[in-house]
Amino acid sequence: MMLECRELTKWFGAKEAVAGLTLNLDKGKIYGLLGENGSGKTTWMKMAAGLTKPGRGEILYEGHPIGWRDKASIAYMATEPFFYDFMKVSDVGEYYEAFFDDFDRKKYEETTKAMGLEPDMKVRNLSSGMSAKLKLAATLARKAELYLLDEPLNGIDYKAREEIISLILEEADGENTFVISTHLLEEVESFIEYAIFIKDGHLADKVNLESERMKSGRSLTELYTDIL
Amino acid sequence: MGKLIKYELRKQRTSRMVIFIALAIALICFWAGVLFMNNALMGGSVAAMVFGAVFVLFYTGIEGILVFNRDLRTKQSYMLWMLPRSIWEILGAKFISAILQMLIVFGVSCAAVGISTAGAVLTIGGLSDFLRMIHETSKVFVQGGLNWGDLISLAFLLFLAWTLIIMTGFLAVILARTVLVKSRFAGLLAVILFFVINFVIERVYDVMYKIPFIAAANNVGALGWTVWDVIFYAAVCLALFGASGVLAEKKLSV
Amino acid sequence: MEYNTGAPIYLQVINELKKKMVKGELKPGEKMPSSRDLAVEYKVNQNTAARIYREMEMQGWCFTRRGIGTFVSEEENMFRDLKKEMASELLKNFMHEMSGLGYKKDDIIDQIADYKEDGENDA
């Protein structure tokens, strides 16, 4: 087991964002994290990334309680822009190279170039689509064991979405693990192996899509409607 | 650690630039006053520099706390918290960057003002006045009873007092952000907590002086501190740093 | 490619690859894409890509040389058989649908003889 979450609970004031979530992830799989807005997907992901501390429950990463050292092999990408305002595209590469041993600077430069991002572009002047691509280029240029991508397809046009999915599929080698949260079911349907359905902060169901298609012939959209 | 410090200093670059530009403008006015023999301009710029220095000293002193608060308020906190670095290293880097920021600003300002003053004296009074100024200045030090030992202990005590402010600030910010997550009032609460923590420290300090042999201790150095003061404040700084780290490690969600 | 989202993805990709073999887009003995390229091309994950090649190997439609890659089978017979098999599969479905409409075999043959494709003019 790569990641085990036991009875995770997180309160924000009076709101229970994550409520007794128990969820296990295996190595080498691509998971889709699905649920309505405010169902606790982002909070769970931030806890798995070590950015948010659970109120109760525990997270084990490869068998041990998760700690700051594990961030060396976990690549988290937040849905909002988070790079420093003063950075240029090239600075982002320099920053990742400085702090992540698994970062491939050359790959980052190639990917950003292919996306039309110039090294001297200012991060804060990028359009939302470009900014989303930049985050993903930086995150995927790492050779991490666990990738946590929060809404990587949000706010980008169709063609760019296809590019981003290709990037993900090139990086997913069957050894590393991906968790991708999204609302765009049709976009991810063909390649996610397990759909994790989150409802009101707990696990509603975890479904192997290919088995489900063989068994009941239900598509992801149908499953989503049935389960949530 | 060095890499973390580099980016922390980068965050403070804008304020550094603003300070240096203001300093440059004041010096240009000062020099214009000197060259055109305009006393109003000369006096005005000197007054502005003195007033500015007080403000800059205050601002750069607490800038580290402000930057930390801004980090936690925005998504930019992810830039630090996604890194495989311990909270101790992150807080340590912030502390050292705060020191460096002050040293840089202080060093550049002193050098600029010093050179400028010396230049002005030379321009107006010639070499003999300049030499006399150096002589007078050094006499003040000797007659005032100041020596290097006193200067160093004064610097050390000031450093300790400032460290106390920074550490209190860090703890106040972390407390505010762990208790009042995602609230607009977290910043205000941090300010209130800052004074509360200070108040608590002073109460503990008073209690310490109830102990007879501590109360009997002699003053050391220029600030009138006793050895026990130094030990007390050093211990408090350490305790605040420890509390900040543990609290952030266990409870802080960015 | 467009998937039927209610059917297993790996079978749909296999069908697509079979069509390419029959149409000659994949020639006997030709190297097939690496499983990574296959994954990107067909928007599937690595495990599905590996499964696709495993199934196709089991059917004898392709073979793997360790460390080099997966290749289309070199047996000409296999291609003929595959084409026949796919044709009879289509025919079977067609006949099934037509008999469902009440047509007899002879009627269907007549229908086919009279059938004109788009653009074909009446003589």
# chains A, B, ... in the order shown; residues from 1 in each chain; ligands from 1

call {"tool": "interface_residues", "arguments": {"of": "chain A", "to": "chain B", "cutoff": "9 Å", "atoms": "only C-alpha atoms", "output": "PDB file with N, CA and C atoms, in the first residue's frame"}}
result
ATOM      1  N   PHE A  12     -13.270  22.814   9.600  1.00  0.00           N
ATOM      2  CA  PHE A  12     -12.970  24.231   9.391  1.00  0.00           C
ATOM      3  C   PHE A  12     -14.056  25.003  10.113  1.00  0.00           C
ATOM      4  N   GLY A  13     -13.742  25.484  11.286  1.00  0.00           N
ATOM      5  CA  GLY A  13     -14.771  26.140  12.087  1.00  0.00           C
ATOM      6  C   GLY A  13     -15.846  25.114  12.411  1.00  0.00           C
ATOM      7  N   LYS A  46      -4.799  18.041   0.189  1.00  0.00           N
ATOM      8  CA  LYS A  46      -3.831  18.852   0.918  1.00  0.00           C
ATOM      9  C   LYS A  46      -3.323  18.131   2.164  1.00  0.00           C
ATOM     10  N   MET A  47      -4.167  17.283   2.747  1.00  0.00           N
ATOM     11  CA  MET A  47      -3.693  16.495   3.893  1.00  0.00           C
ATOM     12  C   MET A  47      -2.687  15.449   3.437  1.00  0.00           C
ATOM     13  N   ALA A  49      -0.803  15.690   0.936  1.00  0.00           N
ATOM     14  CA  ALA A  49       0.418  16.386   0.519  1.00  0.00           C
ATOM     15  C   ALA A  49       1.173  16.966   1.712  1.00  0.00           C
ATOM     16  N   GLY A  50       0.583  16.890   2.898  1.00  0.00           N
ATOM     17  CA  GLY A  50       1.249  17.399   4.092  1.00  0.00           C
ATOM     18  C   GLY A  50       1.093  18.896   4.282  1.00  0.00           C
ATOM     19  N   LEU A  51       0.164  19.525   3.558  1.00  0.00           N
ATOM     20  CA  LEU A  51      -0.040  20.960   3.714  1.00  0.00           C
ATOM     21  C   LEU A  51      -1.084  21.270   4.771  1.00  0.00           C
ATOM     22  N   THR A  52      -2.006  20.339   4.932  1.00  0.00           N
ATOM     23  CA  THR A  52      -3.052  20.521   5.930  1.00  0.00           C
ATOM     24  C   THR A  52      -2.935  19.382   6.935  1.00  0.00           C
ATOM     25  N   LYS A  53      -3.057  19.735   8.205  1.00  0.00           N
ATOM     26  CA  LYS A  53      -2.929  18.706   9.243  1.00  0.00           C
ATOM     27  C   LYS A  53      -4.312  18.184   9.609  1.00  0.00           C
ATOM     28  N   PRO A  54      -4.476  16.860   9.608  1.00  0.00           N
ATOM     29  CA  PRO A  54      -5.782  16.316   9.968  1.00  0.00           C
ATOM     30  C   PRO A  54      -6.138  16.626  11.426  1.00  0.00           C
ATOM     31  N   GLY A  55      -7.414  16.854  11.673  1.00  0.00           N
ATOM     32  CA  GLY A  55      -7.853  17.055  13.051  1.00  0.00           C
ATOM     33  C   GLY A  55      -7.809  15.742  13.807  1.00  0.00           C
ATOM     34  N   GLY A  67       5.394  12.477   6.860  1.00  0.00           N
ATOM     35  CA  GLY A  67       6.151  13.587   7.445  1.00  0.00           C
ATOM     36  C   GLY A  67       6.758  14.442   6.354  1.00  0.00           C
ATOM     37  N   TRP A  68       7.464  15.488   6.777  1.00  0.00           N
ATOM     38  CA  TRP A  68       7.977  16.440   5.777  1.00  0.00           C
ATOM     39  C   TRP A  68       8.977  15.805   4.810  1.00  0.00           C
ATOM     40  N   ARG A  69       9.675  14.767   5.244  1.00  0.00           N
ATOM     41  CA  ARG A  69      10.663  14.139   4.356  1.00  0.00           C
ATOM     42  C   ARG A  69       9.985  13.492   3.142  1.00  0.00           C
ATOM     43  N   ASP A  70       8.727  13.039   3.351  1.00  0.00           N
ATOM     44  CA  ASP A  70       8.015  12.359   2.262  1.00  0.00           C
ATOM     45  C   ASP A  70       7.680  13.306   1.109  1.00  0.00           C
ATOM     46  N   LYS A  71       7.739  14.604   1.384  1.00  0.00           N
ATOM     47  CA  LYS A  71       7.431  15.558   0.326  1.00  0.00           C
ATOM     48  C   LYS A  71       8.466  15.488  -0.795  1.00  0.00           C
ATOM     49  N   ALA A  72       9.604  14.843  -0.509  1.00  0.00           N
ATOM     50  CA  ALA A  72      10.618  14.674  -1.551  1.00  0.00           C
ATOM     51  C   ALA A  72      10.121  13.743  -2.648  1.00  0.00           C
ATOM     52  N   SER A  73       9.151  12.877  -2.327  1.00  0.00           N
ATOM     53  CA  SER A  73       8.658  11.963  -3.365  1.00  0.00           C
ATOM     54  C   SER A  73       7.172  12.148  -3.651  1.00  0.00           C
ATOM     55  N   ILE A  74       6.594  13.219  -3.115  1.00  0.00           N
ATOM     56  CA  ILE A  74       5.194  13.534  -3.416  1.00  0.00           C
ATOM     57  C   ILE A  74       5.154  14.854  -4.186  1.00  0.00           C
ATOM     58  N   ALA A  75       4.545  14.821  -5.360  1.00  0.00           N
ATOM     59  CA  ALA A  75       4.429  16.050  -6.156  1.00  0.00           C
ATOM     60  C   ALA A  75       2.986  16.521  -6.101  1.00  0.00           C
ATOM     61  N   TYR A  76       2.764  17.611  -5.377  1.00  0.00           N
ATOM     62  CA  TYR A  76       1.414  18.144  -5.230  1.00  0.00           C
ATOM     63  C   TYR A  76       1.238  19.363  -6.118  1.00  0.00           C
ATOM     64  N   ALA A  78      -1.519  22.378  -6.606  1.00  0.00           N
ATOM     65  CA  ALA A  78      -2.756  23.012  -6.155  1.00  0.00           C
ATOM     66  C   ALA A  78      -3.534  23.525  -7.357  1.00  0.00           C
ATOM     67  N   GLU A  80      -5.126  26.462  -7.484  1.00  0.00           N
ATOM     68  CA  GLU A  80      -4.906  27.897  -7.675  1.00  0.00           C
ATOM     69  C   GLU A  80      -3.444  28.148  -8.040  1.00  0.00           C
ATOM     70  N   PRO A  81      -3.178  29.310  -8.668  1.00  0.00           N
ATOM     71  CA  PRO A  81      -1.777  29.666  -8.907  1.00  0.00           C
ATOM     72  C   PRO A  81      -1.084  29.897  -7.560  1.00  0.00           C
ATOM     73  N   PHE A  82       0.141  29.416  -7.410  1.00  0.00           N
ATOM     74  CA  PHE A  82       0.794  29.568  -6.109  1.00  0.00           C
ATOM     75  C   PHE A  82       2.261  29.998  -6.211  1.00  0.00           C
ATOM     76  N   PHE A  83       2.740  30.185  -7.441  1.00  0.00           N
ATOM     77  CA  PHE A  83       4.135  30.618  -7.557  1.00  0.00           C
ATOM     78  C   PHE A  83       4.283  32.051  -7.056  1.00  0.00           C
ATOM     79  N   TYR A  84       5.484  32.381  -6.612  1.00  0.00           N
ATOM     80  CA  TYR A  84       5.735  33.735  -6.132  1.00  0.00           C
ATOM     81  C   TYR A  84       5.513  34.743  -7.263  1.00  0.00           C
ATOM     82  N   ASP A  85       4.933  35.891  -6.896  1.00  0.00           N
ATOM     83  CA  ASP A  85       4.614  36.939  -7.865  1.00  0.00           C
ATOM     84  C   ASP A  85       5.825  37.395  -8.669  1.00  0.00           C
ATOM     85  N   PHE A  86       6.963  37.389  -8.015  1.00  0.00           N
ATOM     86  CA  PHE A  86       8.137  37.966  -8.673  1.00  0.00           C
ATOM     87  C   PHE A  86       8.805  37.010  -9.663  1.00  0.00           C
ATOM     88  N   TYR A  95      13.689  27.254  -8.999  1.00  0.00           N
ATOM     89  CA  TYR A  95      13.175  26.978  -7.653  1.00  0.00           C
ATOM     90  C   TYR A  95      12.981  25.476  -7.440  1.00  0.00           C
ATOM     91  N   ALA A  98      16.203  23.682  -7.195  1.00  0.00           N
ATOM     92  CA  ALA A  98      16.899  23.927  -5.937  1.00  0.00           C
ATOM     93  C   ALA A  98      16.361  23.037  -4.808  1.00  0.00           C
ATOM     94  N   PHE A  99      15.080  22.733  -4.846  1.00  0.00           N
ATOM     95  CA  PHE A  99      14.482  22.063  -3.687  1.00  0.00           C
ATOM     96  C   PHE A  99      14.068  20.609  -3.918  1.00  0.00           C
ATOM     97  N   PHE A 100      13.943  20.196  -5.182  1.00  0.00           N
ATOM     98  CA  PHE A 100      13.536  18.811  -5.429  1.00  0.00           C
ATOM     99  C   PHE A 100      14.627  18.066  -6.183  1.00  0.00           C
TER     100      PHE A 100
END

call {"tool": "select_by_dssp", "arguments": {"residues": "segment 66-233 of chain B", "states": "alpha helix (DSSP H)", "output": "PyMOL selection string"}}
result
chain B and resi 66-73+77-81+87-143+148-179+186-208+212-215+227-233

call {"tool": "write_last_selection", "arguments": {"atoms": "C-alpha atoms", "output": "compact mmCIF listing (two decimals), in the first residue's frame"}}
result
# COMPACT_ATOMS: atom_id res chain seq x y z
CA LEU B 66 4.72 40.69 8.16
CA VAL B 67 6.17 38.52 5.38
CA PHE B 68 5.40 35.37 7.36
CA ASN B 69 1.82 36.51 7.91
CA ARG B 70 1.44 37.31 4.21
CA ASP B 71 2.86 33.89 3.26
CA LEU B 72 0.28 32.13 5.38
CA ARG B 73 -2.56 34.34 4.20
CA SER B 77 2.54 29.45 1.46
CA TYR B 78 2.41 26.31 -0.71
CA MET B 79 5.79 27.30 -2.10
CA LEU B 80 7.30 26.65 1.32
CA TRP B 81 5.06 23.91 2.65
CA ILE B 87 9.36 23.60 9.91
CA TRP B 88 12.51 24.38 11.92
CA GLU B 89 14.45 25.03 8.78
CA ILE B 90 11.69 27.19 7.33
CA LEU B 91 11.33 29.29 10.49
CA GLY B 92 15.11 29.43 10.91
CA ALA B 93 15.53 30.67 7.35
CA LYS B 94 12.92 33.35 7.99
CA PHE B 95 14.72 34.46 11.15
CA ILE B 96 18.13 34.63 9.49
CA SER B 97 16.70 36.47 6.48
CA ALA B 98 15.19 39.02 8.85
CA ILE B 99 18.64 39.59 10.39
CA LEU B 100 20.28 39.84 6.98
CA GLN B 101 17.66 42.28 5.74
CA MET B 102 18.36 44.57 8.69
CA LEU B 103 22.12 44.28 8.25
CA ILE B 104 21.91 45.04 4.54
CA VAL B 105 19.65 48.06 5.02
CA PHE B 106 21.59 49.27 8.04
CA GLY B 107 24.98 48.75 6.39
CA VAL B 108 24.11 50.47 3.13
CA SER B 109 22.40 53.38 4.90
CA CYS B 110 25.28 53.93 7.34
CA ALA B 111 27.83 53.77 4.56
CA ALA B 112 25.87 56.17 2.36
CA VAL B 113 25.16 58.67 5.13
CA GLY B 114 28.70 58.40 6.50
CA ILE B 115 30.37 58.97 3.15
CA SER B 116 27.96 61.76 2.36
CA THR B 117 28.54 63.56 5.65
CA ALA B 118 32.28 63.21 5.33
CA GLY B 119 32.06 64.49 1.76
CA ALA B 120 29.97 67.46 2.84
CA VAL B 121 32.38 68.41 5.60
CA LEU B 122 35.27 68.13 3.15
CA THR B 123 33.49 70.23 0.54
CA ILE B 124 32.44 72.98 2.91
CA GLY B 125 35.27 73.08 5.42
CA GLY B 126 38.21 71.49 3.62
CA LEU B 127 40.60 68.84 4.89
CA SER B 128 41.34 70.41 8.29
CA ASP B 129 37.66 70.47 9.28
CA PHE B 130 37.30 66.87 8.16
CA LEU B 131 40.21 65.71 10.32
CA ARG B 132 38.86 67.70 13.24
CA MET B 133 35.46 66.00 12.82
CA ILE B 134 37.05 62.55 13.03
CA HIS B 135 38.98 63.68 16.10
CA GLU B 136 35.84 65.08 17.78
CA THR B 137 33.83 61.95 17.02
CA SER B 138 36.44 59.64 18.48
CA LYS B 139 36.71 61.91 21.55
CA VAL B 140 32.96 61.54 22.17
CA PHE B 141 33.42 57.80 22.33
CA VAL B 142 36.32 57.98 24.76
CA GLN B 143 34.87 60.70 27.01
CA TRP B 148 34.36 48.15 22.46
CA GLY B 149 33.22 45.78 25.18
CA ASP B 150 30.25 48.01 25.98
CA LEU B 151 29.42 48.39 22.29
CA ILE B 152 29.43 44.65 21.75
CA SER B 153 27.32 43.95 24.80
CA LEU B 154 24.94 46.71 23.74
CA ALA B 155 24.68 45.18 20.28
CA PHE B 156 24.11 41.76 21.79
CA LEU B 157 21.36 42.96 24.10
CA LEU B 158 19.65 44.86 21.30
CA PHE B 159 19.86 41.72 19.17
CA LEU B 160 18.31 39.68 21.96
CA ALA B 161 15.51 42.18 22.47
CA TRP B 162 14.80 42.18 18.74
CA THR B 163 14.91 38.36 18.56
CA LEU B 164 12.31 38.32 21.29
CA ILE B 165 10.04 40.52 19.17
CA ILE B 166 10.48 38.32 16.08
CA MET B 167 9.90 35.08 17.98
CA THR B 168 6.82 36.50 19.68
CA GLY B 169 5.60 37.61 16.27
CA PHE B 170 6.12 34.17 14.71
CA LEU B 171 4.24 32.46 17.53
CA ALA B 172 1.44 35.04 17.40
CA VAL B 173 1.03 34.56 13.64
CA ILE B 174 1.04 30.76 13.89
CA LEU B 175 -1.42 30.82 16.79
CA ALA B 176 -3.73 33.12 14.88
CA ARG B 177 -3.57 30.93 11.77
CA THR B 178 -4.13 27.67 13.63
CA VAL B 179 -7.03 28.95 15.70
CA ALA B 186 -6.43 36.30 11.65
CA GLY B 187 -4.13 39.26 11.02
CA LEU B 188 -5.79 41.34 13.72
CA LEU B 189 -5.79 38.41 16.12
CA ALA B 190 -2.07 37.97 15.51
CA VAL B 191 -1.48 41.58 16.61
CA ILE B 192 -3.56 41.08 19.75
CA LEU B 193 -1.81 37.78 20.50
CA PHE B 194 1.53 39.52 20.06
CA PHE B 195 0.71 41.86 22.94
CA VAL B 196 -0.83 39.07 25.03
CA ILE B 197 2.32 36.95 24.71
CA ASN B 198 4.43 39.99 25.61
CA PHE B 199 2.28 40.61 28.65
CA VAL B 200 2.67 36.99 29.78
CA ILE B 201 6.43 37.18 29.36
CA GLU B 202 6.61 40.33 31.46
CA ARG B 203 4.52 38.71 34.21
CA VAL B 204 6.86 35.72 34.26
CA TYR B 205 9.77 38.16 34.34
CA ASP B 206 8.30 39.92 37.39
CA VAL B 207 7.82 36.60 39.15
CA MET B 208 11.45 35.72 38.45
CA PRO B 212 16.00 37.00 46.21
CA PHE B 213 19.34 36.08 44.67
CA ILE B 214 18.11 37.08 41.24
CA ALA B 215 16.83 40.42 42.51
CA VAL B 227 22.91 38.47 33.76
CA TRP B 228 19.55 36.98 34.72
CA ASP B 229 17.81 39.22 32.22
CA VAL B 230 20.02 37.88 29.48
CA ILE B 231 19.45 34.29 30.53
CA PHE B 232 15.73 34.86 30.90
CA TYR B 233 15.23 36.49 27.51

call {"tool": "select_by_dssp", "arguments": {"residues": "segment 104-223 of chain A", "states": "strand (DSSP E or B)", "output": "list in words"}}
result
Lys122, Arg142, Leu146, Tyr147, Leu148, Leu149, Asp150, Thr177, Phe178, Val179, Ile180, Ser181, Tyr194, Ala195, Ile196, Phe197, Ile198, Lys199, His202, Leu203, Ala204, Asp205, Lys206, Val207 and Asn208 of chain A

call {"tool": "write_last_selection", "arguments": {"atoms": "C-alpha atoms", "output": "CSV table (one decimal), in the first residue's frame"}}
result
chain,number,residue,atom,x,y,z
A,122,LYS,CA,6.4,36.9,-15.8
A,142,ARG,CA,9.6,15.8,-11.2
A,146,LEU,CA,3.0,10.0,-5.9
A,147,TYR,CA,1.4,12.9,-7.9
A,148,LEU,CA,-1.5,14.7,-6.4
A,149,LEU,CA,-3.1,16.9,-9.1
A,150,ASP,CA,-6.0,19.1,-8.0
A,177,THR,CA,0.8,6.7,-8.6
A,178,PHE,CA,-1.5,9.6,-9.8
A,179,VAL,CA,-4.5,11.1,-8.1
A,180,ILE,CA,-6.4,13.5,-10.3
A,181,SER,CA,-9.4,15.4,-9.1
A,194,TYR,CA,-10.1,3.7,-10.2
A,195,ALA,CA,-12.8,6.3,-9.6
A,196,ILE,CA,-12.9,7.5,-6.0
A,197,PHE,CA,-16.2,9.0,-5.2
A,198,ILE,CA,-16.2,11.5,-2.3
A,199,LYS,CA,-19.5,12.7,-0.7
A,202,HIS,CA,-16.3,10.5,3.3
A,203,LEU,CA,-15.6,7.8,0.8
A,204,ALA,CA,-18.9,7.0,-1.1
A,205,ASP,CA,-17.3,4.3,-3.3
A,206,LYS,CA,-14.1,3.2,-5.0
A,207,VAL,CA,-14.7,1.6,-8.4
A,208,ASN,CA,-12.4,-0.1,-10.9

call {"tool": "residues_around", "arguments": {"residues": "Ala50 of chain C", "least_positions_apart": "3", "cutoff": "12 Å", "atoms": "only C-alpha atoms", "output": "PDB file with N, CA and C atoms, in the first residue's frame"}}
result
ATOM      1  N   ASP A 173       3.981   5.758 -15.499  1.00  0.00           N
ATOM      2  CA  ASP A 173       4.675   4.613 -16.088  1.00  0.00           C
ATOM      3  C   ASP A 173       4.286   3.277 -15.456  1.00  0.00           C
ATOM      4  N   GLY A 174       3.220   3.277 -14.674  1.00  0.00           N
ATOM      5  CA  GLY A 174       2.805   2.026 -14.045  1.00  0.00           C
ATOM      6  C   GLY A 174       3.553   1.750 -12.749  1.00  0.00           C
TER       7      GLY A 174
ATOM      8  N   TYR C  10     -10.195  -1.585 -23.220  1.00  0.00           N
ATOM      9  CA  TYR C  10      -9.105  -2.358 -23.845  1.00  0.00           C
ATOM     10  C   TYR C  10      -9.605  -3.129 -25.059  1.00  0.00           C
ATOM     11  N   VAL C  13      -9.849  -0.742 -28.023  1.00  0.00           N
ATOM     12  CA  VAL C  13      -8.548  -0.422 -28.620  1.00  0.00           C
ATOM     13  C   VAL C  13      -8.065  -1.609 -29.447  1.00  0.00           C
ATOM     14  N   ILE C  14      -8.255  -2.829 -28.926  1.00  0.00           N
ATOM     15  CA  ILE C  14      -7.838  -4.026 -29.671  1.00  0.00           C
ATOM     16  C   ILE C  14      -8.551  -4.076 -31.022  1.00  0.00           C
ATOM     17  N   PRO C  33       3.656   0.522 -31.667  1.00  0.00           N
ATOM     18  CA  PRO C  33       4.100   1.577 -30.738  1.00  0.00           C
ATOM     19  C   PRO C  33       4.463   0.993 -29.363  1.00  0.00           C
ATOM     20  N   SER C  34       5.369   1.661 -28.656  1.00  0.00           N
ATOM     21  CA  SER C  34       5.685   1.218 -27.294  1.00  0.00           C
ATOM     22  C   SER C  34       4.421   1.374 -26.462  1.00  0.00           C
ATOM     23  N   SER C  35       4.367   0.673 -25.339  1.00  0.00           N
ATOM     24  CA  SER C  35       3.128   0.747 -24.569  1.00  0.00           C
ATOM     25  C   SER C  35       2.901   2.166 -24.047  1.00  0.00           C
ATOM     26  N   ARG C  36       3.986   2.928 -23.843  1.00  0.00           N
ATOM     27  CA  ARG C  36       3.818   4.322 -23.428  1.00  0.00           C
ATOM     28  C   ARG C  36       3.168   5.144 -24.548  1.00  0.00           C
ATOM     29  N   ASP C  37       3.692   4.942 -25.802  1.00  0.00           N
ATOM     30  CA  ASP C  37       3.109   5.673 -26.937  1.00  0.00           C
ATOM     31  C   ASP C  37       1.668   5.244 -27.184  1.00  0.00           C
ATOM     32  N   LEU C  38       1.419   3.970 -27.008  1.00  0.00           N
ATOM     33  CA  LEU C  38       0.059   3.462 -27.179  1.00  0.00           C
ATOM     34  C   LEU C  38      -0.869   4.136 -26.171  1.00  0.00           C
ATOM     35  N   ALA C  39      -0.379   4.244 -24.918  1.00  0.00           N
ATOM     36  CA  ALA C  39      -1.170   4.867 -23.853  1.00  0.00           C
ATOM     37  C   ALA C  39      -1.513   6.307 -24.218  1.00  0.00           C
ATOM     38  N   VAL C  44      -5.153   5.926 -22.798  1.00  0.00           N
ATOM     39  CA  VAL C  44      -5.378   4.895 -21.779  1.00  0.00           C
ATOM     40  C   VAL C  44      -4.186   4.882 -20.824  1.00  0.00           C
ATOM     41  N   ASN C  45      -4.315   4.184 -19.700  1.00  0.00           N
ATOM     42  CA  ASN C  45      -3.188   4.116 -18.768  1.00  0.00           C
ATOM     43  C   ASN C  45      -2.252   2.966 -19.126  1.00  0.00           C
ATOM     44  N   GLN C  46      -1.115   2.938 -18.478  1.00  0.00           N
ATOM     45  CA  GLN C  46      -0.094   1.923 -18.744  1.00  0.00           C
ATOM     46  C   GLN C  46      -0.607   0.501 -18.559  1.00  0.00           C
ATOM     47  N   ASN C  47      -1.397   0.302 -17.513  1.00  0.00           N
ATOM     48  CA  ASN C  47      -1.877  -1.056 -17.235  1.00  0.00           C
ATOM     49  C   ASN C  47      -2.804  -1.543 -18.336  1.00  0.00           C
ATOM     50  N   TYR C  53      -1.642  -5.398 -25.242  1.00  0.00           N
ATOM     51  CA  TYR C  53      -0.607  -6.192 -25.916  1.00  0.00           C
ATOM     52  C   TYR C  53      -0.606  -7.636 -25.433  1.00  0.00           C
ATOM     53  N   ARG C  54      -0.897  -7.839 -24.156  1.00  0.00           N
ATOM     54  CA  ARG C  54      -0.933  -9.203 -23.616  1.00  0.00           C
ATOM     55  C   ARG C  54      -2.028 -10.016 -24.310  1.00  0.00           C
ATOM     56  N   GLU C  55      -3.212  -9.408 -24.406  1.00  0.00           N
ATOM     57  CA  GLU C  55      -4.343 -10.106 -25.038  1.00  0.00           C
ATOM     58  C   GLU C  55      -4.052 -10.385 -26.513  1.00  0.00           C
ATOM     59  N   MET C  56      -3.464  -9.400 -27.176  1.00  0.00           N
ATOM     60  CA  MET C  56      -3.206  -9.561 -28.606  1.00  0.00           C
ATOM     61  C   MET C  56      -2.146 -10.622 -28.861  1.00  0.00           C
ATOM     62  N   GLU C  57      -1.200 -10.698 -27.936  1.00  0.00           N
ATOM     63  CA  GLU C  57      -0.184 -11.747 -28.059  1.00  0.00           C
ATOM     64  C   GLU C  57      -0.802 -13.116 -27.886  1.00  0.00           C
ATOM     65  N   THR C  64       6.169 -10.271 -28.798  1.00  0.00           N
ATOM     66  CA  THR C  64       7.078  -9.339 -28.145  1.00  0.00           C
ATOM     67  C   THR C  64       8.488  -9.884 -28.148  1.00  0.00           C
ATOM     68  N   GLY C  69      10.653  -4.650 -28.286  1.00  0.00           N
ATOM     69  CA  GLY C  69       9.316  -4.107 -28.475  1.00  0.00           C
ATOM     70  C   GLY C  69       8.328  -5.155 -28.948  1.00  0.00           C
ATOM     71  N   THR C  70       7.145  -4.673 -29.278  1.00  0.00           N
ATOM     72  CA  THR C  70       6.081  -5.565 -29.738  1.00  0.00           C
ATOM     73  C   THR C  70       5.942  -5.399 -31.249  1.00  0.00           C
TER      74      THR C  70
END

call {"tool": "atom_distance", "arguments": {"atom1": "atom CA of Ala87 of chain C", "atom2": "atom CA of Asn15 of chain C"}}
result
12.6 Å

call {"tool": "residues_around", "arguments": {"residues": "Lys143 of chain A", "least_positions_apart": "5", "cutoff": "9 Å", "atoms": "only C-alpha atoms", "output": "list in words"}}
result
Ser73, Ala75, Asp101, Asp102, Phe103, Asp104, Glu171 and Asn176 of chain A

call {"tool": "residues_around", "arguments": {"residues": "segment 105-109 of chain A", "least_positions_apart": "5", "cutoff": "8 Å", "atoms": "only C-alpha atoms", "output": "mmCIF file with N, CA and C atoms, in the first residue's frame"}}
result
data_model
loop_
_atom_site.group_PDB
_atom_site.id
_atom_site.type_symbol
_atom_site.label_atom_id
_atom_site.label_comp_id
_atom_site.auth_asym_id
_atom_site.auth_seq_id
_atom_site.Cartn_x
_atom_site.Cartn_y
_atom_site.Cartn_z
ATOM 1 N N GLY A 93 11.572 27.025 -12.702
ATOM 2 C CA GLY A 93 12.447 25.877 -12.914
ATOM 3 C C GLY A 93 13.615 25.877 -11.938
ATOM 4 N N GLU A 94 14.166 27.062 -11.719
ATOM 5 C CA GLU A 94 15.305 27.188 -10.803
ATOM 6 C C GLU A 94 14.890 26.813 -9.377
ATOM 7 N N GLU A 97 14.323 23.068 -9.104
ATOM 8 C CA GLU A 97 15.622 22.381 -9.158
ATOM 9 C C GLU A 97 16.358 22.520 -7.825
ATOM 10 N N ALA A 137 3.640 21.681 -15.905
ATOM 11 C CA ALA A 137 4.969 21.404 -16.459
ATOM 12 C C ALA A 137 5.977 21.249 -15.329
ATOM 13 N N ALA A 138 5.876 22.135 -14.326
ATOM 14 C CA ALA A 138 6.811 22.071 -13.204
ATOM 15 C C ALA A 138 6.572 20.797 -12.393
ATOM 16 N N ALA A 141 7.638 17.595 -14.264
ATOM 17 C CA ALA A 141 9.073 17.451 -14.540
ATOM 18 C C ALA A 141 9.775 16.805 -13.353
#

call {"tool": "residues_around", "arguments": {"residues": "Leu167 of chain A", "least_positions_apart": "4", "cutoff": "10 Å", "atoms": "only C-alpha atoms", "output": "list in words"}}
result
Thr111, Leu136, Ala137, Leu140, Ala141, Arg161, Glu162, Glu163, Glu171 and Ala172 of chain A; Val40 of chain C

call {"tool": "residues_around", "arguments": {"residues": "Glu74 of chain C", "least_positions_apart": "3", "cutoff": "12 Å", "atoms": "only C-alpha atoms", "output": "MDAnalysis selection string"}}
result
chainID C and resid 21 26:31 60:63 70:71 77:80
